[in-house]
Structures are given as C-alpha cells and as structure tokens.
Amino acid sequence: MTIDILAYGEAMVEFNQRVHDARMYLQGFGGDTSNFCIAAARQGARSGYISALGNDHFGEKLRALWLAEQVDASHVLNDASAATGAYFVSHNEGGHHFDYLRAGSAASRYASAQLPLEAIAVAKVLHLSGISLAISASACDAGLAAMAHARKDGVKTSLDTNLRLKLWPLERAREKMRAAFALCDICLPSWDDISALTGLDDRDAIVDTLQSYGIGLIAFKLGAEGCYVATAKERRLVPPYGVEAVDATGAGDCFGGAFIARLVAGDDPFRAARYANVCAALSTTGYGAVAPIPHAAQVEEILGSS
C-alpha cells in the first residue's frame, strides 16, 4: 500500500483521569503525531508512522492499535534497550493537564540514520510537530533531516507547532522551530504555541511572520473561535462547530489529521478546514485522545445537514 501521509514523532500510552473518581485512570493511547495518523486514517487517508517503541507490552499494544486503525507501522522500530513512553492526563476547573514519563524513551533515541528515506520520498505529505523535535537532540536532527529530504523530493511538509516547555527551553524551541518553519509548506499553529514562539500577539502579524519563511498554507487553530486559514492570496476565518465538550485532549491533533487528509483528497484549504473543525469538535465529546476521534461518515453526515 502506498502511504500518502507519513508522520514522524512519538506515540505513548495514555492514562486519563476519570472525572467521577480522581483515583481512577482509563488506559488509552496518545502522542500527537500518532493521534494525527489515526485521525487521518479514520477520514479515509492512507497514513503511516515513523517512530520507535520499546520492546515491551505497551509497545505491543500500540502496534495492535495501529493495525486496527489501518495505520501503517512498518517504519516503527523496536528498541530493546528503551521503554515506550507514557503520560497522565488530569482534570480540574482549569482544564486538562499533562504529566509525562518519556525521558530516555525509545522514540527519543531515534536518529537520522534510521529514517526510511525511500518511503518519505514517495509520500504526498510528511507531518511533524514541535514535540517531534523537542524530545531529544537526535530526534530533532532526524525530524529536520526528514523535512529536508521530503522537500528535496517534492513531498509537502506539514508542521504542528505543539510547544511543550517541559521538554525544552523557549530559546532552543525558537531556534529549532525557525529551522522547521524554513522547511515547512503547511503550518498548523495554535495560539499559545505560536505567540510564545514569535513573541507576537496579533493574528495577522503572526501569519505574516510565518509566510515570510515561505510557508504557503497556514491553518491557525483558534479553539472555540474556529480556524483562521491563510494562503498567499486569501485569509478567512472558518467558523467552529459547536458541541458540549468534555475533554479536549488531542483535539488539535485530530484537526490536523483531518485537515491534511482532506487536502490530500483534493479539498481546497477552506473546505478542508470546515471539515476539520467538525471532526475536532466531535473528538472533544468523549474522553481520551484516540477513542472519540470520529470517522468520516459521522463528519460527512453533519456537513451534509448543515
């Protein structure tokens, strides 16, 4: 099977706190780029993953997940000397909060020499996130090398800004993300991330800055406001789809996977963003990063009736 959308990063096991009993956690799966791949696959795209897992029970569970979700994991390596990463999600009146157990994980040991260059060269889109670059120096080098290789072969590159300052200091994040912006065709920023990375607080000024790197398409995720889509010729706010949200974990990843899947399917950016807004909104109506991601039929039913 030809893989149209490849993503590079780290998948992890998730433990999500139950609202009715704070002592209980529901085991699931996460990792922003893995969530992205699953969201893309549920919208009908042929997606695949580049990463590494520990040779452990959780690594086996993630492989079983990707098999069930029809995400190609043939480029996910096993590292017998490292563990699969994990994280915990807790909830309070301030929203959801993350605690990670990922230092020294298998994915953080990934290196440029391990990249599947032939697979990258024949994909339509290569996707990364700020987290893909933040988990270690070697993983960062590999991510930037993957982007450079993709562009050399005419493959579009997609970047979600996902900024986690627990993983790297802001100065280094700014340096490496600037390098990634210079290799980026499609950028999927979120407000808190990109305002911290650029030092700007004006939407259009941020878009201007991103476009100065040569980024051709920007889908600025604005949560309850929807999405601000910018091309070289047009900028337009695409309105949100209203739902009663219970857990926003992974909603931005879901948006990205749906957005890129619809671009690959032939939608224009504004139509793709409308679809992705609905998809991401539906993903917030259940708990966890993966389980609530809707399939294409659910999204199309809503779009068809609106």
# chains A, B, ... in the order shown; residues from 1 in each chain; ligands from 1
$ residues_around --residues "A:Asp204" --least-positions-apart "6" --cutoff "12 Å" --atoms "only C-alpha atoms" --output "list in words"
Trp191, Ser195, Leu210, Gln211, Ile218, Phe220, Tyr228, Val229, Ala230, Thr231, Glu234, Arg235, Arg236 and Leu237 of chain A
$ write_last_selection --atoms "C-alpha atoms" --output "mmCIF file, in the first residue's frame"
data_model
loop_
_atom_site.group_PDB
_atom_site.id
_atom_site.type_symbol
_atom_site.label_atom_id
_atom_site.label_comp_id
_atom_site.auth_asym_id
_atom_site.auth_seq_id
_atom_site.Cartn_x
_atom_site.Cartn_y
_atom_site.Cartn_z
ATOM 1 C CA TRP A 191 -2.417 30.462 19.667
ATOM 2 C CA SER A 195 2.567 33.571 20.241
ATOM 3 C CA LEU A 210 5.078 32.511 9.084
ATOM 4 C CA GLN A 211 4.603 33.432 5.446
ATOM 5 C CA ILE A 218 -1.450 28.214 7.404
ATOM 6 C CA PHE A 220 -4.364 28.755 12.628
ATOM 7 C CA TYR A 228 -8.037 31.129 10.532
ATOM 8 C CA VAL A 229 -6.871 29.868 7.142
ATOM 9 C CA ALA A 230 -4.276 31.847 5.216
ATOM 10 C CA THR A 231 -2.888 31.290 1.751
ATOM 11 C CA GLU A 234 -6.609 34.933 0.876
ATOM 12 C CA ARG A 235 -7.207 34.863 4.632
ATOM 13 C CA ARG A 236 -10.504 33.680 6.034
ATOM 14 C CA LEU A 237 -11.934 32.727 9.437
#
$ closest_atom_pairs --of "stretch 75-123 of chain A" --to "stretch 13-22 of chain A" --cutoff "7 Å" --atoms "only C-alpha atoms" --output "CSV"
residue,atom,partner,partner_atom,distance
A:Gly85,CA,A:Val13,CA,6.5
A:Ala86,CA,A:Val13,CA,4.6
A:Tyr87,CA,A:Glu14,CA,5.2
A:Phe88,CA,A:Phe15,CA,4.7
A:Val89,CA,A:Asn16,CA,4.7
A:Ser90,CA,A:Gln17,CA,5.1
A:His91,CA,A:Gln17,CA,6.7
$ write_last_selection --atoms "C-alpha atoms" --output "JSON list (two decimals), in the first residue's frame"
[["chain", "number", "residue", "atom", "x", "y", "z"],
["A", 85, "GLY", "CA", 6.74, 6.50, 26.72],
["A", 86, "ALA", "CA", 3.66, 7.14, 28.87],
["A", 87, "TYR", "CA", 1.72, 10.16, 30.12],
["A", 88, "PHE", "CA", -1.06, 11.02, 32.55],
["A", 89, "VAL", "CA", -3.95, 13.43, 31.95],
["A", 90, "SER", "CA", -5.59, 15.04, 34.99],
["A", 91, "HIS", "CA", -8.64, 17.31, 35.01]]
$ atom_distance --atom1 "atom CA of A:Ser81" --atom2 "atom CA of A:Ser51"
15.0 Å
$ closest_atom_pairs --of "stretch 58-125 of chain A" --to "stretch 33-49 of chain A" --cutoff "8 Å" --atoms "only C-alpha atoms" --output "tab-separated table"
residue	atom	partner	partner_atom	distance
A:Trp66	CA	A:Ile38	CA	7.6
A:Glu69	CA	A:Ile38	CA	6.4
A:Gln70	CA	A:Ala41	CA	6.6
A:Val71	CA	A:Gly48	CA	5.1
A:Asp72	CA	A:Gly48	CA	4.2
A:Ala73	CA	A:Tyr49	CA	5.5
A:Ser74	CA	A:Tyr49	CA	7.8
A:His75	CA	A:Tyr49	CA	6.3
A:Val76	CA	A:Tyr49	CA	6.5
$ closest_residue --among "A:Gly30, A:Asp141, A:Gly130, A:Glu175" --to "A:Tyr100" --atoms "only C-alpha atoms"
A:Gly30
$ closest_residue --among "A:Gly94, A:Gly242, A:Gly54, A:Gly9" --to "A:Ala146" --atoms "only C-alpha atoms"
A:Gly9
$ select_by_dssp --residues "stretch 75-283 of chain A" --states "strand (DSSP E)" --output "PyMOL selection string"
chain A and resi 75-79+85-92+95-101+125-129+156-160+186-188+217-221+227-230+235-238
$ write_last_selection --atoms "C-alpha atoms" --output "short mmCIF file (atom, residue, chain, number, x, y, z; two decimals), in the first residue's frame"
data_model
loop_
_atom_site.label_atom_id
_atom_site.label_comp_id
_atom_site.auth_asym_id
_atom_site.auth_seq_id
_atom_site.Cartn_x
_atom_site.Cartn_y
_atom_site.Cartn_z
CA HIS A 75 8.54 2.08 9.72
CA VAL A 76 8.21 1.95 13.51
CA LEU A 77 11.34 0.41 15.00
CA ASN A 78 11.74 -1.70 18.15
CA ASP A 79 14.38 -0.64 20.68
CA GLY A 85 6.74 6.50 26.72
CA ALA A 86 3.66 7.14 28.87
CA TYR A 87 1.72 10.16 30.12
CA PHE A 88 -1.06 11.02 32.55
CA VAL A 89 -3.95 13.43 31.95
CA SER A 90 -5.59 15.04 34.99
CA HIS A 91 -8.64 17.31 35.01
CA ASN A 92 -9.74 20.21 37.21
CA GLY A 95 -8.87 22.27 32.22
CA HIS A 96 -6.71 19.26 31.42
CA HIS A 97 -3.08 18.88 32.49
CA PHE A 98 -0.32 16.53 31.34
CA ASP A 99 2.49 14.73 33.18
CA TYR A 100 4.93 12.75 31.05
CA LEU A 101 7.16 9.71 31.64
CA VAL A 125 2.76 14.78 2.89
CA LEU A 126 5.24 14.39 5.75
CA HIS A 127 3.93 15.64 9.11
CA LEU A 128 5.82 16.58 12.28
CA SER A 129 5.16 18.61 15.39
CA LYS A 156 4.79 18.57 1.09
CA THR A 157 5.77 19.08 4.71
CA SER A 158 3.26 19.78 7.48
CA LEU A 159 4.14 21.11 10.93
CA ASP A 160 2.01 21.47 14.07
CA ILE A 186 1.74 23.70 5.68
CA CYS A 187 1.73 25.08 9.23
CA LEU A 188 -0.87 24.24 11.88
CA LEU A 217 -0.66 27.41 3.77
CA ILE A 218 -1.45 28.21 7.40
CA ALA A 219 -4.40 26.81 9.35
CA PHE A 220 -4.36 28.75 12.63
CA LYS A 221 -6.27 26.75 15.26
CA CYS A 227 -9.77 28.29 12.40
CA TYR A 228 -8.04 31.13 10.53
CA VAL A 229 -6.87 29.87 7.14
CA ALA A 230 -4.28 31.85 5.22
CA ARG A 235 -7.21 34.86 4.63
CA ARG A 236 -10.50 33.68 6.03
CA LEU A 237 -11.93 32.73 9.44
CA VAL A 238 -13.64 29.35 9.20
#
$ closest_residue --among "A:Gly31, A:Gly104, A:Gly154, A:Gly223" --to "A:Pro189" --atoms "only C-alpha atoms"
A:Gly223
$ select_by_dssp --residues "stretch 166-217 of chain A" --states "helix (DSSP H, G or I)" --output "count of residues only"
30
$ residues_around --residues "A:Ser105" --least-positions-apart "6" --cutoff "6 Å" --atoms "only C-alpha atoms" --output "list of chain:residue names"
A:Ala82, A:Ala83, A:Thr84, A:Gly85
$ residues_around --residues "stretch 163-168 of chain A" --least-positions-apart "3" --cutoff "7 Å" --atoms "only C-alpha atoms" --output "ChimeraX atom specification"
/A:130-131,134-135,172-173,193
$ write_last_selection --atoms "N, CA, C and O atoms" --output "PDB file, in the first residue's frame"
ATOM      1  N   GLY A 130       6.087  20.197  16.944  1.00  0.00           N
ATOM      2  CA  GLY A 130       7.116  20.700  17.833  1.00  0.00           C
ATOM      3  C   GLY A 130       7.597  19.641  18.802  1.00  0.00           C
ATOM      4  O   GLY A 130       8.776  19.614  19.168  1.00  0.00           O
ATOM      5  N   ILE A 131       6.705  18.760  19.226  1.00  0.00           N
ATOM      6  CA  ILE A 131       7.092  17.691  20.142  1.00  0.00           C
ATOM      7  C   ILE A 131       8.030  16.712  19.465  1.00  0.00           C
ATOM      8  O   ILE A 131       8.969  16.193  20.086  1.00  0.00           O
ATOM      9  N   ALA A 134      11.284  18.149  20.013  1.00  0.00           N
ATOM     10  CA  ALA A 134      11.651  18.541  21.376  1.00  0.00           C
ATOM     11  C   ALA A 134      12.112  17.388  22.253  1.00  0.00           C
ATOM     12  O   ALA A 134      12.755  17.614  23.278  1.00  0.00           O
ATOM     13  N   ILE A 135      11.796  16.151  21.875  1.00  0.00           N
ATOM     14  CA  ILE A 135      12.001  15.051  22.822  1.00  0.00           C
ATOM     15  C   ILE A 135      13.479  14.702  23.022  1.00  0.00           C
ATOM     16  O   ILE A 135      13.838  14.120  24.043  1.00  0.00           O
ATOM     17  N   ARG A 172      15.757  27.468  22.851  1.00  0.00           N
ATOM     18  CA  ARG A 172      16.052  26.380  21.918  1.00  0.00           C
ATOM     19  C   ARG A 172      14.837  26.075  21.036  1.00  0.00           C
ATOM     20  O   ARG A 172      14.987  25.811  19.839  1.00  0.00           O
ATOM     21  N   ALA A 173      13.652  26.124  21.621  1.00  0.00           N
ATOM     22  CA  ALA A 173      12.444  25.875  20.836  1.00  0.00           C
ATOM     23  C   ALA A 173      12.338  26.883  19.692  1.00  0.00           C
ATOM     24  O   ALA A 173      12.038  26.516  18.548  1.00  0.00           O
ATOM     25  N   ASP A 193       1.033  28.437  21.518  1.00  0.00           N
ATOM     26  CA  ASP A 193       2.320  27.986  20.997  1.00  0.00           C
ATOM     27  C   ASP A 193       2.992  29.061  20.151  1.00  0.00           C
ATOM     28  O   ASP A 193       4.142  29.441  20.378  1.00  0.00           O
TER      29      ASP A 193
END
$ residues_around --residues "A:Lys124" --least-positions-apart "6" --cutoff "7 Å" --atoms "only C-alpha atoms" --output "ChimeraX atom specification"
/A:4-5,155-156
$ write_last_selection --atoms "N, CA and C atoms" --output "PDB file, in the first residue's frame"
ATOM      1  N   ASP A   4       0.201   7.774   1.718  1.00  0.00           N
ATOM      2  CA  ASP A   4       0.068   9.165   1.278  1.00  0.00           C
ATOM      3  C   ASP A   4       0.543  10.150   2.331  1.00  0.00           C
ATOM      4  N   ILE A   5       0.260   9.854   3.604  1.00  0.00           N
ATOM      5  CA  ILE A   5       0.592  10.767   4.693  1.00  0.00           C
ATOM      6  C   ILE A   5       1.460  10.029   5.700  1.00  0.00           C
ATOM      7  N   VAL A 155       7.877  16.406  -1.791  1.00  0.00           N
ATOM      8  CA  VAL A 155       6.843  15.995  -0.839  1.00  0.00           C
ATOM      9  C   VAL A 155       6.502  17.189   0.054  1.00  0.00           C
ATOM     10  N   LYS A 156       5.221  17.474   0.222  1.00  0.00           N
ATOM     11  CA  LYS A 156       4.792  18.570   1.087  1.00  0.00           C
ATOM     12  C   LYS A 156       5.108  18.242   2.543  1.00  0.00           C
TER      13      LYS A 156
END
$ decode --residues "stretch 224-240 of chain A" --atoms "all heavy atoms" --output "PDB file, in the first residue's frame"
ATOM      1  N   ALA A 224     -12.436  27.655  20.269  1.00  0.00           N
ATOM      2  CA  ALA A 224     -13.859  27.985  20.170  1.00  0.00           C
ATOM      3  C   ALA A 224     -14.156  29.013  19.085  1.00  0.00           C
ATOM      4  O   ALA A 224     -15.307  29.172  18.675  1.00  0.00           O
ATOM      5  CB  ALA A 224     -14.367  28.502  21.513  1.00  0.00           C
ATOM      6  N   GLU A 225     -13.128  29.717  18.594  1.00  0.00           N
ATOM      7  CA  GLU A 225     -13.332  30.689  17.514  1.00  0.00           C
ATOM      8  C   GLU A 225     -13.293  30.034  16.137  1.00  0.00           C
ATOM      9  O   GLU A 225     -13.663  30.668  15.146  1.00  0.00           O
ATOM     10  CB  GLU A 225     -12.263  31.775  17.561  1.00  0.00           C
ATOM     11  CG  GLU A 225     -12.370  32.736  18.711  1.00  0.00           C
ATOM     12  CD  GLU A 225     -11.322  33.828  18.595  1.00  0.00           C
ATOM     13  OE1 GLU A 225     -11.363  34.594  17.605  1.00  0.00           O
ATOM     14  OE2 GLU A 225     -10.438  33.895  19.476  1.00  0.00           O
ATOM     15  N   GLY A 226     -12.809  28.808  16.055  1.00  0.00           N
ATOM     16  CA  GLY A 226     -12.708  28.131  14.772  1.00  0.00           C
ATOM     17  C   GLY A 226     -11.281  28.081  14.281  1.00  0.00           C
ATOM     18  O   GLY A 226     -10.355  27.795  15.047  1.00  0.00           O
ATOM     19  N   CYS A 227     -11.078  28.414  13.021  1.00  0.00           N
ATOM     20  CA  CYS A 227      -9.769  28.288  12.397  1.00  0.00           C
ATOM     21  C   CYS A 227      -9.570  29.442  11.417  1.00  0.00           C
ATOM     22  O   CYS A 227     -10.475  29.798  10.662  1.00  0.00           O
ATOM     23  CB  CYS A 227      -9.690  26.942  11.671  1.00  0.00           C
ATOM     24  SG  CYS A 227      -8.199  26.699  10.697  1.00  0.00           S
ATOM     25  N   TYR A 228      -8.383  30.029  11.440  1.00  0.00           N
ATOM     26  CA  TYR A 228      -8.037  31.129  10.532  1.00  0.00           C
ATOM     27  C   TYR A 228      -7.112  30.569   9.457  1.00  0.00           C
ATOM     28  O   TYR A 228      -5.974  30.203   9.730  1.00  0.00           O
ATOM     29  CB  TYR A 228      -7.355  32.232  11.318  1.00  0.00           C
ATOM     30  CG  TYR A 228      -7.181  33.544  10.584  1.00  0.00           C
ATOM     31  CD1 TYR A 228      -8.263  34.189   9.984  1.00  0.00           C
ATOM     32  CD2 TYR A 228      -5.932  34.176  10.531  1.00  0.00           C
ATOM     33  CE1 TYR A 228      -8.101  35.407   9.338  1.00  0.00           C
ATOM     34  CE2 TYR A 228      -5.769  35.393   9.897  1.00  0.00           C
ATOM     35  CZ  TYR A 228      -6.862  36.002   9.301  1.00  0.00           C
ATOM     36  OH  TYR A 228      -6.704  37.221   8.664  1.00  0.00           O
ATOM     37  N   VAL A 229      -7.617  30.478   8.236  1.00  0.00           N
ATOM     38  CA  VAL A 229      -6.871  29.868   7.142  1.00  0.00           C
ATOM     39  C   VAL A 229      -6.263  30.959   6.283  1.00  0.00           C
ATOM     40  O   VAL A 229      -6.958  31.896   5.870  1.00  0.00           O
ATOM     41  CB  VAL A 229      -7.773  28.952   6.289  1.00  0.00           C
ATOM     42  CG1 VAL A 229      -7.006  28.370   5.107  1.00  0.00           C
ATOM     43  CG2 VAL A 229      -8.340  27.827   7.161  1.00  0.00           C
ATOM     44  N   ALA A 230      -4.973  30.842   6.013  1.00  0.00           N
ATOM     45  CA  ALA A 230      -4.276  31.847   5.216  1.00  0.00           C
ATOM     46  C   ALA A 230      -3.486  31.183   4.103  1.00  0.00           C
ATOM     47  O   ALA A 230      -2.711  30.253   4.341  1.00  0.00           O
ATOM     48  CB  ALA A 230      -3.329  32.655   6.105  1.00  0.00           C
ATOM     49  N   THR A 231      -3.709  31.653   2.903  1.00  0.00           N
ATOM     50  CA  THR A 231      -2.888  31.290   1.751  1.00  0.00           C
ATOM     51  C   THR A 231      -2.197  32.567   1.272  1.00  0.00           C
ATOM     52  O   THR A 231      -2.374  33.636   1.849  1.00  0.00           O
ATOM     53  CB  THR A 231      -3.748  30.706   0.622  1.00  0.00           C
ATOM     54  OG1 THR A 231      -4.574  31.743   0.075  1.00  0.00           O
ATOM     55  CG2 THR A 231      -4.634  29.571   1.127  1.00  0.00           C
ATOM     56  N   ALA A 232      -1.432  32.449   0.203  1.00  0.00           N
ATOM     57  CA  ALA A 232      -0.761  33.636  -0.333  1.00  0.00           C
ATOM     58  C   ALA A 232      -1.764  34.653  -0.856  1.00  0.00           C
ATOM     59  O   ALA A 232      -1.475  35.858  -0.895  1.00  0.00           O
ATOM     60  CB  ALA A 232       0.201  33.227  -1.441  1.00  0.00           C
ATOM     61  N   LYS A 233      -2.988  34.201  -1.206  1.00  0.00           N
ATOM     62  CA  LYS A 233      -3.966  35.076  -1.835  1.00  0.00           C
ATOM     63  C   LYS A 233      -5.137  35.466  -0.945  1.00  0.00           C
ATOM     64  O   LYS A 233      -5.821  36.456  -1.218  1.00  0.00           O
ATOM     65  CB  LYS A 233      -4.525  34.395  -3.089  1.00  0.00           C
ATOM     66  CG  LYS A 233      -3.490  34.164  -4.184  1.00  0.00           C
ATOM     67  CD  LYS A 233      -4.129  33.520  -5.399  1.00  0.00           C
ATOM     68  CE  LYS A 233      -3.114  33.332  -6.518  1.00  0.00           C
ATOM     69  NZ  LYS A 233      -3.712  32.696  -7.721  1.00  0.00           N
ATOM     70  N   GLU A 234      -5.381  34.697   0.105  1.00  0.00           N
ATOM     71  CA  GLU A 234      -6.609  34.933   0.876  1.00  0.00           C
ATOM     72  C   GLU A 234      -6.438  34.506   2.322  1.00  0.00           C
ATOM     73  O   GLU A 234      -5.715  33.548   2.629  1.00  0.00           O
ATOM     74  CB  GLU A 234      -7.766  34.143   0.240  1.00  0.00           C
ATOM     75  CG  GLU A 234      -9.120  34.387   0.875  1.00  0.00           C
ATOM     76  CD  GLU A 234     -10.226  33.626   0.176  1.00  0.00           C
ATOM     77  OE1 GLU A 234      -9.948  32.886  -0.794  1.00  0.00           O
ATOM     78  OE2 GLU A 234     -11.393  33.764   0.602  1.00  0.00           O
ATOM     79  N   ARG A 235      -7.131  35.220   3.216  1.00  0.00           N
ATOM     80  CA  ARG A 235      -7.207  34.863   4.632  1.00  0.00           C
ATOM     81  C   ARG A 235      -8.676  34.864   5.034  1.00  0.00           C
ATOM     82  O   ARG A 235      -9.387  35.819   4.746  1.00  0.00           O
ATOM     83  CB  ARG A 235      -6.407  35.829   5.502  1.00  0.00           C
ATOM     84  CG  ARG A 235      -4.935  35.876   5.161  1.00  0.00           C
ATOM     85  CD  ARG A 235      -4.156  36.840   6.034  1.00  0.00           C
ATOM     86  NE  ARG A 235      -2.770  36.909   5.607  1.00  0.00           N
ATOM     87  CZ  ARG A 235      -1.808  37.590   6.220  1.00  0.00           C
ATOM     88  NH1 ARG A 235      -2.107  38.302   7.326  1.00  0.00           N
ATOM     89  NH2 ARG A 235      -0.576  37.603   5.763  1.00  0.00           N
ATOM     90  N   ARG A 236      -9.084  33.790   5.708  1.00  0.00           N
ATOM     91  CA  ARG A 236     -10.504  33.680   6.034  1.00  0.00           C
ATOM     92  C   ARG A 236     -10.688  32.922   7.347  1.00  0.00           C
ATOM     93  O   ARG A 236     -10.041  31.898   7.578  1.00  0.00           O
ATOM     94  CB  ARG A 236     -11.231  32.935   4.915  1.00  0.00           C
ATOM     95  CG  ARG A 236     -12.750  32.989   5.026  1.00  0.00           C
ATOM     96  CD  ARG A 236     -13.410  32.018   4.054  1.00  0.00           C
ATOM     97  NE  ARG A 236     -12.950  32.141   2.672  1.00  0.00           N
ATOM     98  CZ  ARG A 236     -13.252  31.266   1.728  1.00  0.00           C
ATOM     99  NH1 ARG A 236     -14.007  30.191   2.018  1.00  0.00           N
ATOM    100  NH2 ARG A 236     -12.804  31.436   0.490  1.00  0.00           N
ATOM    101  N   LEU A 237     -11.576  33.434   8.213  1.00  0.00           N
ATOM    102  CA  LEU A 237     -11.934  32.727   9.437  1.00  0.00           C
ATOM    103  C   LEU A 237     -12.992  31.680   9.108  1.00  0.00           C
ATOM    104  O   LEU A 237     -14.057  32.010   8.565  1.00  0.00           O
ATOM    105  CB  LEU A 237     -12.468  33.702  10.488  1.00  0.00           C
ATOM    106  CG  LEU A 237     -12.825  33.099  11.848  1.00  0.00           C
ATOM    107  CD1 LEU A 237     -11.577  32.577  12.549  1.00  0.00           C
ATOM    108  CD2 LEU A 237     -13.525  34.127  12.724  1.00  0.00           C
ATOM    109  N   VAL A 238     -12.697  30.441   9.411  1.00  0.00           N
ATOM    110  CA  VAL A 238     -13.643  29.348   9.197  1.00  0.00           C
ATOM    111  C   VAL A 238     -14.307  29.064  10.543  1.00  0.00           C
ATOM    112  O   VAL A 238     -13.623  28.711  11.511  1.00  0.00           O
ATOM    113  CB  VAL A 238     -12.927  28.093   8.665  1.00  0.00           C
ATOM    114  CG1 VAL A 238     -13.919  26.961   8.444  1.00  0.00           C
ATOM    115  CG2 VAL A 238     -12.198  28.422   7.356  1.00  0.00           C
ATOM    116  N   PRO A 239     -15.618  29.226  10.656  1.00  0.00           N
ATOM    117  CA  PRO A 239     -16.285  29.164  11.961  1.00  0.00           C
ATOM    118  C   PRO A 239     -16.227  27.769  12.575  1.00  0.00           C
ATOM    119  O   PRO A 239     -16.101  26.764  11.874  1.00  0.00           O
ATOM    120  CB  PRO A 239     -17.722  29.578  11.650  1.00  0.00           C
ATOM    121  CG  PRO A 239     -17.904  29.305  10.196  1.00  0.00           C
ATOM    122  CD  PRO A 239     -16.571  29.529   9.563  1.00  0.00           C
ATOM    123  N   PRO A 240     -16.352  27.705  13.912  1.00  0.00           N
ATOM    124  CA  PRO A 240     -16.309  26.417  14.606  1.00  0.00           C
ATOM    125  C   PRO A 240     -17.630  25.675  14.485  1.00  0.00           C
ATOM    126  O   PRO A 240     -18.645  26.225  14.046  1.00  0.00           O
ATOM    127  CB  PRO A 240     -16.055  26.822  16.056  1.00  0.00           C
ATOM    128  CG  PRO A 240     -16.758  28.142  16.179  1.00  0.00           C
ATOM    129  CD  PRO A 240     -16.540  28.826  14.842  1.00  0.00           C
TER     130      PRO A 240
END
